[in-house]
file query.cif (mmCIF, C-alpha atoms)
data_coords
#
loop_
_atom_site.group_PDB
_atom_site.id
_atom_site.type_symbol
_atom_site.label_atom_id
_atom_site.label_comp_id
_atom_site.auth_asym_id
_atom_site.auth_seq_id
_atom_site.Cartn_x
_atom_site.Cartn_y
_atom_site.Cartn_z
ATOM 1 C CA MET A 1 -29.966 -10.479 6.624
ATOM 2 C CA ILE A 2 -28.412 -8.545 9.543
ATOM 3 C CA ASP A 3 -28.874 -11.410 11.992
ATOM 4 C CA GLU A 4 -27.261 -13.877 9.603
ATOM 5 C CA ILE A 5 -24.262 -11.578 9.040
ATOM 6 C CA LYS A 6 -23.752 -11.263 12.796
ATOM 7 C CA ASP A 7 -24.126 -15.012 13.187
ATOM 8 C CA ARG A 8 -21.682 -15.967 10.423
ATOM 9 C CA PHE A 9 -18.961 -13.331 10.907
ATOM 10 C CA THR A 10 -16.899 -12.405 13.948
ATOM 11 C CA ILE A 11 -14.562 -9.468 14.468
ATOM 12 C CA PRO A 12 -11.461 -11.701 14.862
ATOM 13 C CA MET A 13 -12.367 -13.488 11.607
ATOM 14 C CA LEU A 14 -12.549 -10.261 9.620
ATOM 15 C CA GLY A 15 -9.712 -8.689 11.577
ATOM 16 C CA ARG A 16 -7.257 -11.421 10.632
ATOM 17 C CA GLU A 17 -8.082 -10.821 6.967
ATOM 18 C CA LEU A 18 -8.165 -7.044 7.061
ATOM 19 C CA PHE A 19 -5.188 -6.591 9.398
ATOM 20 C CA PRO A 20 -2.928 -9.681 9.164
ATOM 21 C CA ASP A 21 -0.593 -8.576 11.975
ATOM 22 C CA TRP A 22 -3.340 -7.667 14.428
ATOM 23 C CA LYS A 23 -4.058 -9.893 17.435
ATOM 24 C CA PRO A 24 -7.608 -9.265 18.688
ATOM 25 C CA ALA A 25 -8.204 -9.715 22.418
ATOM 26 C CA LYS A 26 -10.121 -8.264 25.340
ATOM 27 C CA SER A 27 -7.218 -5.843 25.701
ATOM 28 C CA CYS A 28 -5.258 -5.133 22.511
ATOM 29 C CA ARG A 29 -4.005 -2.358 20.250
ATOM 30 C CA SER A 30 -6.471 -0.822 17.851
ATOM 31 C CA PRO A 31 -6.077 -1.928 14.218
ATOM 32 C CA LEU A 32 -7.998 1.147 13.066
ATOM 33 C CA ARG A 33 -5.459 3.780 14.071
ATOM 34 C CA LEU A 34 -1.964 4.264 15.450
ATOM 35 C CA ASP A 35 -2.165 2.852 18.973
ATOM 36 C CA HIS A 36 0.916 2.913 21.223
ATOM 37 C CA SER A 37 -0.672 0.969 24.086
ATOM 38 C CA PRO A 38 -3.629 -1.445 24.333
ATOM 39 C CA SER A 39 -6.816 0.634 24.278
ATOM 40 C CA PHE A 40 -9.093 -1.570 22.174
ATOM 41 C CA SER A 41 -11.271 -4.455 23.294
ATOM 42 C CA VAL A 42 -12.923 -7.344 21.436
ATOM 43 C CA TYR A 43 -15.444 -9.184 23.593
ATOM 44 C CA ASN A 44 -18.761 -11.052 23.575
ATOM 45 C CA GLU A 45 -17.108 -14.052 21.873
ATOM 46 C CA GLY A 46 -15.653 -11.812 19.186
ATOM 47 C CA ARG A 47 -18.926 -10.166 18.229
ATOM 48 C CA SER A 48 -18.495 -6.754 19.863
ATOM 49 C CA PHE A 49 -15.708 -4.176 20.149
ATOM 50 C CA MET A 50 -14.887 -0.990 21.977
ATOM 51 C CA ASP A 51 -12.250 1.607 21.072
ATOM 52 C CA PHE A 52 -11.886 3.512 24.335
ATOM 53 C CA PRO A 53 -10.033 6.704 23.202
ATOM 54 C CA THR A 54 -12.356 7.356 20.258
ATOM 55 C CA GLY A 55 -15.568 6.008 21.767
ATOM 56 C CA ASP A 56 -16.238 3.850 18.695
ATOM 57 C CA ARG A 57 -18.071 0.659 19.591
ATOM 58 C CA GLY A 58 -20.449 -1.822 18.053
ATOM 59 C CA ASP A 59 -20.800 -5.170 16.341
ATOM 60 C CA VAL A 60 -19.097 -6.845 13.409
ATOM 61 C CA ILE A 61 -20.830 -4.597 10.857
ATOM 62 C CA ASP A 62 -19.713 -1.455 12.687
ATOM 63 C CA PHE A 63 -16.161 -2.817 12.828
ATOM 64 C CA TYR A 64 -16.146 -3.659 9.116
ATOM 65 C CA ALA A 65 -17.475 -0.201 8.209
ATOM 66 C CA LEU A 66 -14.770 1.562 10.231
ATOM 67 C CA ALA A 67 -12.023 -0.710 8.901
ATOM 68 C CA LYS A 68 -13.032 -0.098 5.274
ATOM 69 C CA GLY A 69 -13.938 3.566 5.678
ATOM 70 C CA ILE A 70 -17.480 3.066 4.407
ATOM 71 C CA GLY A 71 -21.018 3.546 5.715
ATOM 72 C CA LEU A 72 -23.026 0.965 7.623
ATOM 73 C CA PRO A 73 -25.450 0.166 4.769
ATOM 74 C CA GLU A 74 -22.548 -0.425 2.378
ATOM 75 C CA ALA A 75 -20.739 -2.550 4.966
ATOM 76 C CA ALA A 76 -23.813 -4.697 5.519
ATOM 77 C CA ASN A 77 -24.329 -5.114 1.773
ATOM 78 C CA GLU A 78 -20.704 -6.152 1.220
ATOM 79 C CA LEU A 79 -20.815 -8.741 3.998
ATOM 80 C CA TRP A 80 -24.165 -10.034 2.791
ATOM 81 C CA SER A 81 -22.782 -10.305 -0.736
ATOM 82 C CA ARG A 82 -19.907 -12.387 0.615
ATOM 83 C CA LEU A 83 -22.349 -14.804 2.209
ATOM 84 C CA ARG A 84 -24.441 -15.112 -0.937
ATOM 85 C CA THR A 85 -21.487 -15.619 -3.272
ATOM 86 C CA GLY A 86 -19.489 -17.821 -0.916
ATOM 87 C CA LYS A 87 -16.559 -15.413 -0.957
ATOM 88 C CA GLY A 88 -14.531 -16.531 2.021
ATOM 89 C CA HIS A 89 -11.827 -13.913 2.136
ATOM 90 C CA CYS A 90 -11.210 -10.194 2.266
ATOM 91 C CA GLU A 91 -9.073 -8.101 -0.001
ATOM 92 C CA GLN A 92 -6.227 -8.143 2.495
ATOM 93 C CA THR A 93 -5.489 -11.844 2.210
ATOM 94 C CA PRO A 94 -1.709 -12.087 1.630
ATOM 95 C CA THR A 95 -0.624 -12.843 -1.892
ATOM 96 C CA SER A 96 0.221 -16.482 -2.433
ATOM 97 C CA LYS A 97 3.754 -17.111 -3.616
ATOM 98 C CA LYS A 98 2.328 -19.191 -6.442
ATOM 99 C CA GLU A 99 -0.207 -16.557 -7.479
ATOM 100 C CA ALA A 100 0.584 -14.832 -10.771
ATOM 101 C CA PRO A 101 -1.358 -12.566 -13.114
ATOM 102 C CA LYS A 102 -3.202 -14.219 -15.982
ATOM 103 C CA GLY A 103 -1.722 -11.759 -18.448
ATOM 104 C CA PRO A 104 -2.605 -8.330 -19.844
ATOM 105 C CA THR A 105 -5.925 -7.608 -21.535
ATOM 106 C CA PRO A 106 -7.265 -4.458 -23.232
ATOM 107 C CA ASP A 107 -9.228 -3.681 -20.064
ATOM 108 C CA ASP A 108 -6.311 -4.502 -17.766
ATOM 109 C CA PRO A 109 -2.950 -3.826 -19.457
ATOM 110 C CA PHE A 110 -1.155 -4.111 -16.122
ATOM 111 C CA ALA A 111 -2.558 -7.568 -15.265
ATOM 112 C CA LEU A 112 -3.185 -6.529 -11.680
ATOM 113 C CA LEU A 113 -3.687 -9.183 -9.040
ATOM 114 C CA TYR A 114 -6.192 -6.947 -7.294
ATOM 115 C CA LYS A 115 -8.344 -3.980 -8.247
ATOM 116 C CA PRO A 116 -9.695 -1.719 -5.493
ATOM 117 C CA SER A 117 -13.445 -1.524 -5.109
ATOM 118 C CA ARG A 118 -15.297 1.742 -5.534
ATOM 119 C CA ALA A 119 -15.392 2.201 -1.753
ATOM 120 C CA GLU A 120 -11.670 1.501 -1.459
ATOM 121 C CA TYR A 121 -10.898 3.917 -4.273
ATOM 122 C CA LYS A 122 -12.918 6.582 -2.450
ATOM 123 C CA ARG A 123 -10.915 5.844 0.695
ATOM 124 C CA MET A 124 -7.621 6.347 -1.181
ATOM 125 C CA CYS A 125 -8.897 9.631 -2.612
ATOM 126 C CA ALA A 126 -9.943 10.743 0.875
ATOM 127 C CA ASP A 127 -6.443 9.987 2.187
ATOM 128 C CA CYS A 128 -4.890 12.110 -0.557
ATOM 129 C CA GLU A 129 -7.298 14.970 0.094
ATOM 130 C CA ARG A 130 -6.617 14.729 3.822
ATOM 131 C CA LEU A 131 -2.902 15.199 3.184
ATOM 132 C CA LEU A 132 -3.365 18.017 0.694
ATOM 133 C CA THR A 133 -5.503 20.012 3.117
ATOM 134 C CA ASN A 134 -3.259 19.447 6.141
ATOM 135 C CA ARG A 135 -0.458 22.009 5.935
ATOM 136 C CA GLU A 136 0.997 20.913 9.257
ATOM 137 C CA ALA A 137 1.276 17.308 8.084
ATOM 138 C CA ILE A 138 3.004 18.381 4.875
ATOM 139 C CA LYS A 139 5.410 20.587 6.824
ATOM 140 C CA PHE A 140 6.122 17.793 9.326
ATOM 141 C CA LEU A 141 6.845 15.246 6.575
ATOM 142 C CA ALA A 142 9.103 17.700 4.799
ATOM 143 C CA GLU A 143 11.101 18.489 7.931
ATOM 144 C CA HIS A 144 11.122 14.976 9.378
ATOM 145 C CA ARG A 145 11.897 13.160 6.142
ATOM 146 C CA GLY A 146 13.859 15.797 4.309
ATOM 147 C CA TRP A 147 11.322 15.888 1.485
ATOM 148 C CA ASP A 148 10.310 18.849 -0.614
ATOM 149 C CA GLN A 149 6.840 20.147 0.237
ATOM 150 C CA GLU A 150 5.942 20.605 -3.425
ATOM 151 C CA ILE A 151 6.893 16.984 -4.172
ATOM 152 C CA ILE A 152 4.620 15.848 -1.341
ATOM 153 C CA LYS A 153 1.759 17.894 -2.776
ATOM 154 C CA ASP A 154 2.429 16.643 -6.306
ATOM 155 C CA LEU A 155 2.308 13.015 -5.155
ATOM 156 C CA ALA A 156 -0.950 13.661 -3.316
ATOM 157 C CA PHE A 157 -2.416 15.267 -6.455
ATOM 158 C CA GLU A 158 -1.108 12.282 -8.388
ATOM 159 C CA GLY A 159 -3.100 10.031 -6.073
ATOM 160 C CA CYS A 160 -0.047 8.160 -4.789
ATOM 161 C CA LEU A 161 0.488 9.650 -1.329
ATOM 162 C CA GLY A 162 -2.023 10.247 1.418
ATOM 163 C CA LEU A 163 -2.684 10.553 5.126
ATOM 164 C CA SER A 164 -4.981 8.070 6.871
ATOM 165 C CA ALA A 165 -7.591 9.000 9.442
ATOM 166 C CA GLY A 166 -5.163 7.580 11.998
ATOM 167 C CA ALA A 167 -2.397 9.976 10.844
ATOM 168 C CA CYS A 168 -0.352 7.291 9.063
ATOM 169 C CA ILE A 169 1.302 7.849 5.697
ATOM 170 C CA THR A 170 -0.559 5.903 3.024
ATOM 171 C CA PHE A 171 0.945 4.812 -0.261
ATOM 172 C CA ASN A 172 -1.678 4.276 -2.946
ATOM 173 C CA TYR A 173 -1.097 1.745 -5.703
ATOM 174 C CA LEU A 174 -3.225 0.763 -8.669
ATOM 175 C CA SER A 175 -3.470 -2.520 -6.768
ATOM 176 C CA GLY A 176 -4.307 -1.261 -3.280
ATOM 177 C CA SER A 177 -3.207 0.846 -0.336
ATOM 178 C CA LYS A 178 -0.447 0.465 2.249
ATOM 179 C CA SER A 179 0.070 2.373 5.510
ATOM 180 C CA ARG A 180 3.397 3.077 7.182
ATOM 181 C CA TRP A 181 4.269 4.429 10.634
ATOM 182 C CA ARG A 182 6.661 4.049 13.555
ATOM 183 C CA ASP A 183 5.595 2.274 16.725
ATOM 184 C CA GLY A 184 6.254 3.436 20.280
ATOM 185 C CA GLY A 185 9.809 2.101 20.093
ATOM 186 C CA GLY A 186 10.556 3.938 16.872
ATOM 187 C CA LYS A 187 10.456 0.770 14.773
ATOM 188 C CA ARG A 188 9.071 1.094 11.260
ATOM 189 C CA GLN A 189 5.772 -0.697 10.726
ATOM 190 C CA PHE A 190 3.533 -1.137 7.719
ATOM 191 C CA ARG A 191 0.426 -3.004 6.672
ATOM 192 C CA TRP A 192 -1.655 -3.387 3.546
ATOM 193 C CA ASN A 193 -5.019 -1.765 4.171
ATOM 194 C CA PHE A 194 -6.331 -3.672 1.176
ATOM 195 C CA GLY A 195 -4.992 -5.016 -2.081
ATOM 196 C CA LYS A 196 -1.786 -6.719 -3.148
ATOM 197 C CA PRO A 197 1.793 -5.600 -3.878
ATOM 198 C CA TRP A 198 2.744 -4.193 -7.252
ATOM 199 C CA PHE A 199 4.894 -1.273 -8.478
ATOM 200 C CA TRP A 200 4.342 2.024 -6.690
ATOM 201 C CA ARG A 201 3.600 4.615 -9.425
ATOM 202 C CA GLY A 202 3.527 1.652 -11.804
ATOM 203 C CA ASP A 203 1.059 3.333 -14.143
ATOM 204 C CA LEU A 204 3.957 5.581 -15.255
ATOM 205 C CA ILE A 205 5.833 2.660 -16.822
ATOM 206 C CA LEU A 206 3.918 3.047 -20.080
ATOM 207 C CA GLN A 207 4.610 6.797 -20.231
ATOM 208 C CA ALA A 208 8.393 6.763 -20.676
ATOM 209 C CA ASN A 209 11.219 5.006 -22.467
ATOM 210 C CA ARG A 210 13.568 5.387 -19.473
ATOM 211 C CA ILE A 211 12.566 3.864 -16.156
ATOM 212 C CA TRP A 212 14.492 3.946 -12.903
ATOM 213 C CA ILE A 213 13.377 1.558 -10.177
ATOM 214 C CA VAL A 214 14.183 1.942 -6.479
ATOM 215 C CA GLU A 215 13.338 -0.214 -3.483
ATOM 216 C CA GLY A 216 10.566 1.262 -1.379
ATOM 217 C CA GLU A 217 8.242 4.222 -1.640
ATOM 218 C CA THR A 218 10.191 6.510 0.695
ATOM 219 C CA LYS A 219 13.376 6.115 -1.336
ATOM 220 C CA CYS A 220 11.370 6.884 -4.456
ATOM 221 C CA ILE A 221 10.106 10.117 -2.891
ATOM 222 C CA GLN A 222 13.669 11.045 -1.934
ATOM 223 C CA ALA A 223 14.773 10.375 -5.520
ATOM 224 C CA LEU A 224 12.060 12.721 -6.788
ATOM 225 C CA CYS A 225 13.256 15.389 -4.360
ATOM 226 C CA TRP A 226 16.750 14.983 -5.807
ATOM 227 C CA GLY A 227 15.391 15.660 -9.305
ATOM 228 C CA TRP A 228 15.891 12.188 -10.737
ATOM 229 C CA GLU A 229 12.705 12.378 -12.799
ATOM 230 C CA GLU A 230 13.890 15.165 -15.077
ATOM 231 C CA ASN A 231 14.172 12.945 -18.163
ATOM 232 C CA LYS A 232 12.845 9.631 -16.919
ATOM 233 C CA ARG A 233 10.201 8.080 -14.688
ATOM 234 C CA VAL A 234 11.025 6.809 -11.199
ATOM 235 C CA ILE A 235 8.957 4.017 -9.665
ATOM 236 C CA ALA A 236 9.401 1.774 -6.630
ATOM 237 C CA LEU A 237 9.211 -1.858 -5.662
ATOM 238 C CA PRO A 238 6.927 -2.424 -2.660
ATOM 239 C CA SER A 239 9.643 -4.478 -0.926
ATOM 240 C CA ALA A 240 12.961 -6.210 -1.518
ATOM 241 C CA GLY A 241 11.167 -9.525 -1.856
ATOM 242 C CA PHE A 242 8.907 -8.451 -4.727
ATOM 243 C CA ASN A 243 9.556 -10.306 -7.989
ATOM 244 C CA PRO A 244 8.711 -8.257 -11.112
ATOM 245 C CA ALA A 245 9.073 -11.196 -13.514
ATOM 246 C CA SER A 246 5.322 -11.500 -14.170
ATOM 247 C CA TRP A 247 5.237 -7.914 -15.442
ATOM 248 C CA ALA A 248 8.468 -7.923 -17.460
ATOM 249 C CA TYR A 249 6.511 -7.289 -20.672
ATOM 250 C CA LEU A 250 5.810 -3.732 -19.468
ATOM 251 C CA PHE A 251 9.531 -2.919 -19.776
ATOM 252 C CA LYS A 252 9.968 -4.172 -23.330
ATOM 253 C CA ALA A 253 12.417 -2.012 -25.348
ATOM 254 C CA LYS A 254 12.852 0.435 -22.452
ATOM 255 C CA GLU A 255 16.049 1.672 -20.814
ATOM 256 C CA VAL A 256 15.838 0.361 -17.263
ATOM 257 C CA ALA A 257 18.036 1.016 -14.236
ATOM 258 C CA TYR A 258 17.660 -0.419 -10.773
ATOM 259 C CA VAL A 259 19.102 1.803 -8.033
ATOM 260 C CA THR A 260 20.022 0.075 -4.786
ATOM 261 C CA ASP A 261 22.249 0.214 -1.739
ATOM 262 C CA PRO A 262 25.580 -1.652 -2.019
ATOM 263 C CA ASP A 263 24.741 -4.251 0.627
ATOM 264 C CA PRO A 264 23.898 -7.987 0.390
ATOM 265 C CA ALA A 265 20.123 -7.441 0.557
ATOM 266 C CA GLY A 266 20.228 -4.735 -2.098
ATOM 267 C CA GLU A 267 22.457 -6.764 -4.374
ATOM 268 C CA ALA A 268 20.219 -9.833 -4.077
ATOM 269 C CA CYS A 269 17.132 -7.790 -4.999
ATOM 270 C CA ALA A 270 19.011 -6.105 -7.853
ATOM 271 C CA GLU A 271 20.004 -9.487 -9.281
ATOM 272 C CA ARG A 272 16.385 -10.643 -9.177
ATOM 273 C CA VAL A 273 15.209 -7.513 -10.997
ATOM 274 C CA LYS A 274 17.977 -7.776 -13.569
ATOM 275 C CA THR A 275 17.231 -11.439 -14.281
ATOM 276 C CA ALA A 276 13.557 -10.641 -14.813
ATOM 277 C CA LEU A 277 13.856 -7.527 -16.962
ATOM 278 C CA LYS A 278 17.112 -7.764 -18.903
ATOM 279 C CA PRO A 279 15.765 -10.238 -21.521
ATOM 280 C CA VAL A 280 13.085 -7.758 -22.653
ATOM 281 C CA ALA A 281 14.544 -4.339 -21.901
ATOM 282 C CA LYS A 282 16.541 -2.300 -24.406
ATOM 283 C CA SER A 283 19.155 -1.942 -21.676
ATOM 284 C CA MET A 284 19.311 -3.002 -18.045
ATOM 285 C CA VAL A 285 21.865 -1.701 -15.544
ATOM 286 C CA ILE A 286 22.324 -1.732 -11.796
ATOM 287 C CA LEU A 287 23.297 1.583 -10.216
ATOM 288 C CA TYR A 288 24.574 2.212 -6.721
ATOM 289 C CA PRO A 289 24.523 5.712 -5.163
ATOM 290 C CA LYS A 290 28.288 6.006 -5.656
ATOM 291 C CA ASP A 291 27.806 5.375 -9.405
ATOM 292 C CA LEU A 292 25.561 8.405 -9.943
ATOM 293 C CA THR A 293 26.856 11.591 -11.471
ATOM 294 C CA GLN A 294 25.983 14.933 -9.917
ATOM 295 C CA SER A 295 23.440 15.652 -12.647
ATOM 296 C CA GLU A 296 21.703 12.333 -11.992
ATOM 297 C CA LYS A 297 21.526 13.044 -8.283
#
call {"tool": "encode", "arguments": {"input": "query.cif", "output": "structure tokens"}}
result
Amino acid sequence: MIDEIKDRFTIPMLGRELFPDWKPAKSCRSPLRLDHSPSFSVYNEGRSFMDFPTGDRGDVIDFYALAKGIGLPEAANELWSRLRTGKGHCEQTPTSKKEAPKGPTPDDPFALLYKPSRAEYKRMCADCERLLTNREAIKFLAEHRGWDQEIIKDLAFEGCLGLSAGACITFNYLSGSKSRWRDGGGKRQFRWNFGKPWFWRGDLILQANRIWIVEGETKCIQALCWGWEENKRVIALPSAGFNPASWAYLFKAKEVAYVTDPDPAGEACAERVKTALKPVAKSMVILYPKDLTQSEK
């Protein structure tokens, strides 16, 4: 079993699936943590790795276990299961543009394109707990981002916001987990740890008759800090390119507003959201920051 796993899988093969933007090499940046300069090595024809600052090293099973945040026995069993079932991809495979949900069912009212495994769910919970128990991280986020510390804690309790082992912010979805950080040049970076894009805090859609949608998780957190959720629910799109049309049924007979910046990119995204949701919603409006009253801010 172990020998066959090591023979059939390589670290670059799994790495490209687990971390789409990562480029494995004998000298490269670590995909497992925030790495400002190359300190990670993949060698032995892609079958061994070494993370010099942390001392982590090993074979493809060790790499998979670290990447998924699981134990070695569970990692070996998952890889062996892939070989036996012929599953040729990992959870992080990018969503195809043609891929669409099959439709809601009693067991899956949200028609998710991906459901985290038990191990992945445990990893998301661990990220939330890590944030909740790290007062310095909460204080730093509050000061650096201008967020309210209680909102940060509430989102962690909610299971939506966490802190990875590599000190990156993690945004937990019903459909997976995404990390966000700034690289050495201050440029914003993100990657899906596993899963596929959906609505951030999307499970709240069914809990309210008024839904406000913003673009991006950080803007959603800022909106919560401004008190926007007093008589409504605020959720976020994962990106400006996300098309909510496949899940329009969730907004049936609801009052929906999309809040965006008054620039070409924001207006294009707003038009896409409006086209998708207006036919089913009770009302559908586009709001720009300048349109908001003081009470709504």
call {"tool": "residues_around", "arguments": {"input": "query.cif", "residues": "Asn209 (chain A)", "least_positions_apart": "4", "cutoff": "9 Å", "atoms": "all atoms listed in the file", "output": "PDB file with C-alpha atoms, in the frame of the given file"}}
result
ATOM      1  CA  ILE A 205       5.833   2.660 -16.822  1.00  0.00           C
ATOM      2  CA  LYS A 232      12.845   9.631 -16.919  1.00  0.00           C
ATOM      3  CA  ARG A 233      10.201   8.080 -14.688  1.00  0.00           C
ATOM      4  CA  PHE A 251       9.531  -2.919 -19.776  1.00  0.00           C
ATOM      5  CA  ALA A 253      12.417  -2.012 -25.348  1.00  0.00           C
ATOM      6  CA  LYS A 254      12.852   0.435 -22.452  1.00  0.00           C
ATOM      7  CA  GLU A 255      16.049   1.672 -20.814  1.00  0.00           C
ATOM      8  CA  VAL A 256      15.838   0.361 -17.263  1.00  0.00           C
TER       9      VAL A 256
END
call {"tool": "resolve_selection", "arguments": {"input": "query.cif", "expression": "the PyMOL selection byres ((chain A and resi 53-62) around 10)", "output": "number ranges by chain"}}
result
A: 2, 5-15, 30, 33, 35, 39-44, 46-52, 63-67, 70-79
call {"tool": "closest_residue", "arguments": {"input": "query.cif", "among": "A:Trp80, A:Asp263, A:Ala223, A:Cys269", "to": "Gly241 (chain A)", "atoms": "all atoms listed in the file"}}
result
A:Cys269
call {"tool": "resolve_selection", "arguments": {"input": "query.cif", "expression": "the PyMOL selection byres ((chain A and resi 266) around 12)", "output": "list in words"}}
result
Val214, Glu215, Gly216, Leu237, Ser239, Ala240, Gly241, Tyr258, Val259, Thr260, Asp261, Pro262, Asp263, Pro264, Ala265, Glu267, Ala268, Cys269, Ala270, Glu271, Arg272, Val273, Ile286, Leu287, Tyr288 and Pro289 of chain A
call {"tool": "atom_distance", "arguments": {"input": "query.cif", "atom1": "CA of Lys178 (chain A)", "atom2": "CA of Trp198 (chain A)"}}
result
11.1 Å
call {"tool": "closest_residue", "arguments": {"input": "query.cif", "among": "A:His36, A:Lys115, A:Lys153, A:Arg201", "to": "Lys187 (chain A)", "atoms": "all atoms listed in the file"}}
result
A:His36
call {"tool": "atom_distance", "arguments": {"input": "query.cif", "atom1": "CA of Pro109 (chain A)", "atom2": "CA of Ser177 (chain A)"}}
result
19.7 Å
call {"tool": "resolve_selection", "arguments": {"input": "query.cif", "expression": "the PyMOL selection byres ((chain A and resi 284) around 6)", "output": "list of chain:residue names"}}
result
A:Val256, A:Ala257, A:Lys278, A:Ser283, A:Val285
call {"tool": "axis_aligned_box", "arguments": {"input": "query.cif", "around": "region 251-266 of chain A", "padding_each_side": "5 Å", "output": "lines of an AutoDock Vina configuration file"}}
result
center_x = 17.6
center_y = -3.1
center_z = -12.4
size_x = 26.0
size_y = 19.8
size_z = 36.0
call {"tool": "closest_residue", "arguments": {"input": "query.cif", "among": "A:Tyr249, A:Arg135, A:Asp183, A:Arg123", "to": "Ser37 (chain A)", "atoms": "all atoms listed in the file"}}
result
A:Asp183
call {"tool": "atom_distance", "arguments": {"input": "query.cif", "atom1": "CA of Ile211 (chain A)", "atom2": "CA of Ile235 (chain A)"}}
result
7.4 Å
call {"tool": "closest_residue", "arguments": {"input": "query.cif", "among": "A:Pro279, A:Gly202, A:Pro238, A:Pro20", "to": "Ala111 (chain A)", "atoms": "only C-alpha atoms"}}
result
A:Gly202
call {"tool": "residues_around", "arguments": {"input": "query.cif", "residues": "Phe190 (chain A)", "least_positions_apart": "2", "cutoff": "7 Å", "atoms": "all atoms listed in the file", "output": "PDB file with C-alpha atoms, in the coordinates of the input"}}
result
ATOM      1  CA  LYS A 178      -0.447   0.465   2.249  1.00  0.00           C
ATOM      2  CA  SER A 179       0.070   2.373   5.510  1.00  0.00           C
ATOM      3  CA  ARG A 180       3.397   3.077   7.182  1.00  0.00           C
ATOM      4  CA  TRP A 181       4.269   4.429  10.634  1.00  0.00           C
ATOM      5  CA  ARG A 188       9.071   1.094  11.260  1.00  0.00           C
TER       6      ARG A 188
END
call {"tool": "decode", "arguments": {"input": "query.cif", "residues": "region 41-55 of chain A", "atoms": "N, CA and C atoms", "output": "CSV table (one decimal), in the first residue's frame"}}
result
chain,number,residue,atom,x,y,z
A,41,SER,N,12.3,23.0,-0.4
A,41,SER,CA,13.0,22.2,-1.5
A,41,SER,C,12.2,20.9,-1.8
A,42,VAL,N,12.0,20.7,-3.1
A,42,VAL,CA,11.4,19.4,-3.6
A,42,VAL,C,12.5,18.7,-4.4
A,43,TYR,N,12.8,17.5,-4.0
A,43,TYR,CA,13.9,16.9,-4.7
A,43,TYR,C,13.6,15.4,-4.8
A,44,ASN,N,14.7,14.6,-5.3
A,44,ASN,CA,14.5,13.2,-5.4
A,44,ASN,C,13.4,12.9,-6.4
A,45,GLU,N,13.4,13.6,-7.6
A,45,GLU,CA,12.4,13.5,-8.7
A,45,GLU,C,11.0,13.7,-8.1
A,46,GLY,N,10.9,14.7,-7.2
A,46,GLY,CA,9.6,15.1,-6.8
A,46,GLY,C,9.0,14.2,-5.7
A,47,ARG,N,9.8,13.3,-5.1
A,47,ARG,CA,9.3,12.4,-4.1
A,47,ARG,C,9.7,12.7,-2.7
A,48,SER,N,10.5,13.8,-2.5
A,48,SER,CA,10.9,14.2,-1.1
A,48,SER,C,10.9,15.7,-1.0
A,49,PHE,N,10.7,16.2,0.2
A,49,PHE,CA,10.7,17.6,0.4
A,49,PHE,C,11.4,18.0,1.7
A,50,MET,N,11.8,19.2,1.8
A,50,MET,CA,12.4,19.7,3.0
A,50,MET,C,12.0,21.2,3.2
A,51,ASP,N,11.5,21.5,4.4
A,51,ASP,CA,11.1,22.9,4.7
A,51,ASP,C,12.2,23.3,5.8
A,52,PHE,N,13.1,24.1,5.3
A,52,PHE,CA,14.3,24.4,6.1
A,52,PHE,C,14.0,25.1,7.4
A,53,PRO,N,13.2,26.2,7.4
A,53,PRO,CA,12.9,26.9,8.7
A,53,PRO,C,12.2,26.1,9.7
A,54,THR,N,11.3,25.2,9.3
A,54,THR,CA,10.5,24.5,10.3
A,54,THR,C,11.1,23.1,10.6
A,55,GLY,N,12.0,22.6,9.7
A,55,GLY,CA,12.5,21.3,9.9
A,55,GLY,C,11.7,20.2,9.4
